[in-house]
Amino acid sequence: MYGRGKAVVGLALLISRWSTNVVVVTDGPGHLTDYARQRLRRQGIAVRQEPVARLVGTAKTGLRCVEFTDGTHLECRALFLHPPQEQRSPLAATLGARHNGKGAVWVDKNAQTTVPGLYAAGDMVPGQQQALLAAASGSKAAICLNEGLTKEEVA
């Protein structure tokens, strides 16, 4: 499991239900609280903080290991990635939309931001980051936007 902070802890604990061989690789300081480390330890999940040099493997053989800058390595056949998320577009912020503490654009139950007429969906709003959920979120936002425009025309 590659990532940092509270979110990677939750994901590692979830994955530990599928496998007893889970290791969190933070690639430097992981910003893990003592409580988070304790939770991981209780589940038998080790934490490796060494900086990552590279992933070793090929398309044909698959992933073989994570190699660290100190020359040590962690053998593995799979690696879940939980990289930090950031807004790639400044548009919502430029228009004055409110963001939550993690940088996601705040929306109400109808995908409406704090800026009238501005809707947001997918990975830019709070929630799980999955392509399927992002597509569904986009569909919902489009439906809500259309309903809003229809109400304006009828009124």
# chains A, B, ... in the order shown; residues from 1 in each chain; ligands from 1
>>> closest_atom_pairs(of="segment 48-100 of chain A", to="segment 13-21 of chain A", cutoff="12 Å", atoms="only C-alpha atoms", output="CSV")
residue,atom,partner,partner_atom,distance
A:Leu74,CA,A:Asn21,CA,11.5
A:Glu75,CA,A:Asn21,CA,10.7
A:Cys76,CA,A:Asn21,CA,9.1
A:Arg77,CA,A:Asn21,CA,10.7
A:Ala78,CA,A:Asn21,CA,10.6
A:Leu79,CA,A:Ile15,CA,11.0
A:Phe80,CA,A:Ile15,CA,9.2
A:Leu81,CA,A:Ile15,CA,12.0
>>> write_last_selection(atoms="N, CA and C atoms", output="PDB file, in the first residue's frame")
ATOM      1  N   LEU A  74      11.447  -4.386  -0.906  1.00  0.00           N
ATOM      2  CA  LEU A  74      10.277  -5.055  -0.353  1.00  0.00           C
ATOM      3  C   LEU A  74       9.657  -5.865  -1.482  1.00  0.00           C
ATOM      4  N   GLU A  75       9.751  -7.192  -1.372  1.00  0.00           N
ATOM      5  CA  GLU A  75       9.168  -8.034  -2.412  1.00  0.00           C
ATOM      6  C   GLU A  75       7.651  -7.970  -2.339  1.00  0.00           C
ATOM      7  N   CYS A  76       7.043  -7.840  -3.512  1.00  0.00           N
ATOM      8  CA  CYS A  76       5.579  -7.809  -3.585  1.00  0.00           C
ATOM      9  C   CYS A  76       5.137  -8.122  -5.010  1.00  0.00           C
ATOM     10  N   ARG A  77       3.928  -8.612  -5.131  1.00  0.00           N
ATOM     11  CA  ARG A  77       3.365  -8.902  -6.454  1.00  0.00           C
ATOM     12  C   ARG A  77       2.282  -7.897  -6.844  1.00  0.00           C
ATOM     13  N   ALA A  78       1.881  -7.069  -5.885  1.00  0.00           N
ATOM     14  CA  ALA A  78       0.853  -6.060  -6.151  1.00  0.00           C
ATOM     15  C   ALA A  78       1.114  -4.849  -5.271  1.00  0.00           C
ATOM     16  N   LEU A  79       0.654  -3.694  -5.731  1.00  0.00           N
ATOM     17  CA  LEU A  79       0.828  -2.461  -4.967  1.00  0.00           C
ATOM     18  C   LEU A  79      -0.398  -1.585  -5.183  1.00  0.00           C
ATOM     19  N   PHE A  80      -1.106  -1.305  -4.104  1.00  0.00           N
ATOM     20  CA  PHE A  80      -2.220  -0.369  -4.161  1.00  0.00           C
ATOM     21  C   PHE A  80      -1.645   1.028  -3.996  1.00  0.00           C
ATOM     22  N   LEU A  81      -2.055   1.945  -4.841  1.00  0.00           N
ATOM     23  CA  LEU A  81      -1.581   3.320  -4.766  1.00  0.00           C
ATOM     24  C   LEU A  81      -2.666   4.205  -4.179  1.00  0.00           C
TER      25      LEU A  81
END
>>> closest_atom_pairs(of="segment 31-122 of chain A", to="segment 127-132 of chain A", cutoff="10 Å", atoms="only C-alpha atoms", output="JSON lines")
{"residue": "A:His82", "atom": "CA", "partner": "A:Gln129", "partner_atom": "CA", "distance": 9.7}
{"residue": "A:Gln85", "atom": "CA", "partner": "A:Gln129", "partner_atom": "CA", "distance": 9.1}
{"residue": "A:Ala104", "atom": "CA", "partner": "A:Gly127", "partner_atom": "CA", "distance": 8.9}
{"residue": "A:Gly122", "atom": "CA", "partner": "A:Gln129", "partner_atom": "CA", "distance": 7.6}
>>> atom_distance(atom1="atom CA of Gln49 of chain A", atom2="atom CA of Tyr2 of chain A")
10.3 Å
>>> atom_distance(atom1="atom CA of Lys151 of chain A", atom2="atom CA of Val125 of chain A")
24.6 Å
>>> residues_around(residues="Gln112 of chain A", least_positions_apart="3", cutoff="10 Å", atoms="only C-alpha atoms", output="PDB file with N, CA and C atoms, in the first residue's frame")
ATOM      1  N   ALA A  97     -15.988  29.274  -5.392  1.00  0.00           N
ATOM      2  CA  ALA A  97     -16.623  28.112  -4.765  1.00  0.00           C
ATOM      3  C   ALA A  97     -15.880  27.715  -3.494  1.00  0.00           C
ATOM      4  N   VAL A 105     -14.042  20.433  -3.705  1.00  0.00           N
ATOM      5  CA  VAL A 105     -15.074  21.459  -3.874  1.00  0.00           C
ATOM      6  C   VAL A 105     -16.326  21.013  -3.129  1.00  0.00           C
ATOM      7  N   TRP A 106     -16.836  21.885  -2.255  1.00  0.00           N
ATOM      8  CA  TRP A 106     -18.040  21.563  -1.489  1.00  0.00           C
ATOM      9  C   TRP A 106     -19.250  21.630  -2.412  1.00  0.00           C
ATOM     10  N   VAL A 107     -20.126  20.613  -2.326  1.00  0.00           N
ATOM     11  CA  VAL A 107     -21.387  20.602  -3.069  1.00  0.00           C
ATOM     12  C   VAL A 107     -22.510  20.152  -2.145  1.00  0.00           C
ATOM     13  N   ASP A 108     -23.742  20.562  -2.492  1.00  0.00           N
ATOM     14  CA  ASP A 108     -24.897  20.085  -1.731  1.00  0.00           C
ATOM     15  C   ASP A 108     -25.384  18.767  -2.346  1.00  0.00           C
ATOM     16  N   LYS A 109     -26.535  18.271  -1.899  1.00  0.00           N
ATOM     17  CA  LYS A 109     -27.027  16.967  -2.372  1.00  0.00           C
ATOM     18  C   LYS A 109     -27.375  16.977  -3.858  1.00  0.00           C
ATOM     19  N   VAL A 115     -21.484  28.587  -5.494  1.00  0.00           N
ATOM     20  CA  VAL A 115     -21.657  29.599  -6.541  1.00  0.00           C
ATOM     21  C   VAL A 115     -22.894  29.220  -7.360  1.00  0.00           C
ATOM     22  N   PRO A 116     -23.917  30.069  -7.384  1.00  0.00           N
ATOM     23  CA  PRO A 116     -25.129  29.743  -8.145  1.00  0.00           C
ATOM     24  C   PRO A 116     -24.817  29.404  -9.605  1.00  0.00           C
ATOM     25  N   GLY A 117     -25.369  28.277 -10.057  1.00  0.00           N
ATOM     26  CA  GLY A 117     -25.168  27.847 -11.437  1.00  0.00           C
ATOM     27  C   GLY A 117     -23.904  27.053 -11.671  1.00  0.00           C
ATOM     28  N   LEU A 118     -23.074  26.893 -10.655  1.00  0.00           N
ATOM     29  CA  LEU A 118     -21.837  26.119 -10.796  1.00  0.00           C
ATOM     30  C   LEU A 118     -22.009  24.781 -10.095  1.00  0.00           C
ATOM     31  N   TYR A 119     -21.927  23.719 -10.866  1.00  0.00           N
ATOM     32  CA  TYR A 119     -22.065  22.366 -10.340  1.00  0.00           C
ATOM     33  C   TYR A 119     -20.702  21.687 -10.398  1.00  0.00           C
ATOM     34  N   ALA A 120     -20.480  20.731  -9.522  1.00  0.00           N
ATOM     35  CA  ALA A 120     -19.209  20.003  -9.512  1.00  0.00           C
ATOM     36  C   ALA A 120     -19.490  18.526  -9.270  1.00  0.00           C
ATOM     37  N   ALA A 121     -18.596  17.690  -9.774  1.00  0.00           N
ATOM     38  CA  ALA A 121     -18.792  16.249  -9.663  1.00  0.00           C
ATOM     39  C   ALA A 121     -17.458  15.522  -9.785  1.00  0.00           C
ATOM     40  N   ALA A 141     -24.922  15.244 -11.460  1.00  0.00           N
ATOM     41  CA  ALA A 141     -24.767  16.696 -11.589  1.00  0.00           C
ATOM     42  C   ALA A 141     -25.459  17.200 -12.857  1.00  0.00           C
ATOM     43  N   CYS A 144     -29.212  17.210 -12.260  1.00  0.00           N
ATOM     44  CA  CYS A 144     -29.590  18.319 -11.367  1.00  0.00           C
ATOM     45  C   CYS A 144     -29.490  19.662 -12.079  1.00  0.00           C
ATOM     46  N   LEU A 145     -28.456  19.841 -12.883  1.00  0.00           N
ATOM     47  CA  LEU A 145     -28.294  21.071 -13.651  1.00  0.00           C
ATOM     48  C   LEU A 145     -29.467  21.242 -14.613  1.00  0.00           C
ATOM     49  N   GLY A 148     -32.574  22.190 -12.780  1.00  0.00           N
ATOM     50  CA  GLY A 148     -32.506  23.591 -12.373  1.00  0.00           C
ATOM     51  C   GLY A 148     -32.826  24.535 -13.519  1.00  0.00           C
TER      52      GLY A 148
END
>>> select_by_dssp(residues="segment 18-86 of chain A", states="helix (DSSP H, G or I)", output="VMD selection string")
chain A and resid 34 to 42
>>> closest_residue(among="A:Val66, A:Leu91, A:Ala12, A:Ala59", to="Leu40 of chain A", atoms="only C-alpha atoms")
A:Ala12
>>> atom_distance(atom1="atom CA of Arg54 of chain A", atom2="atom CA of Val23 of chain A")
16.4 Å
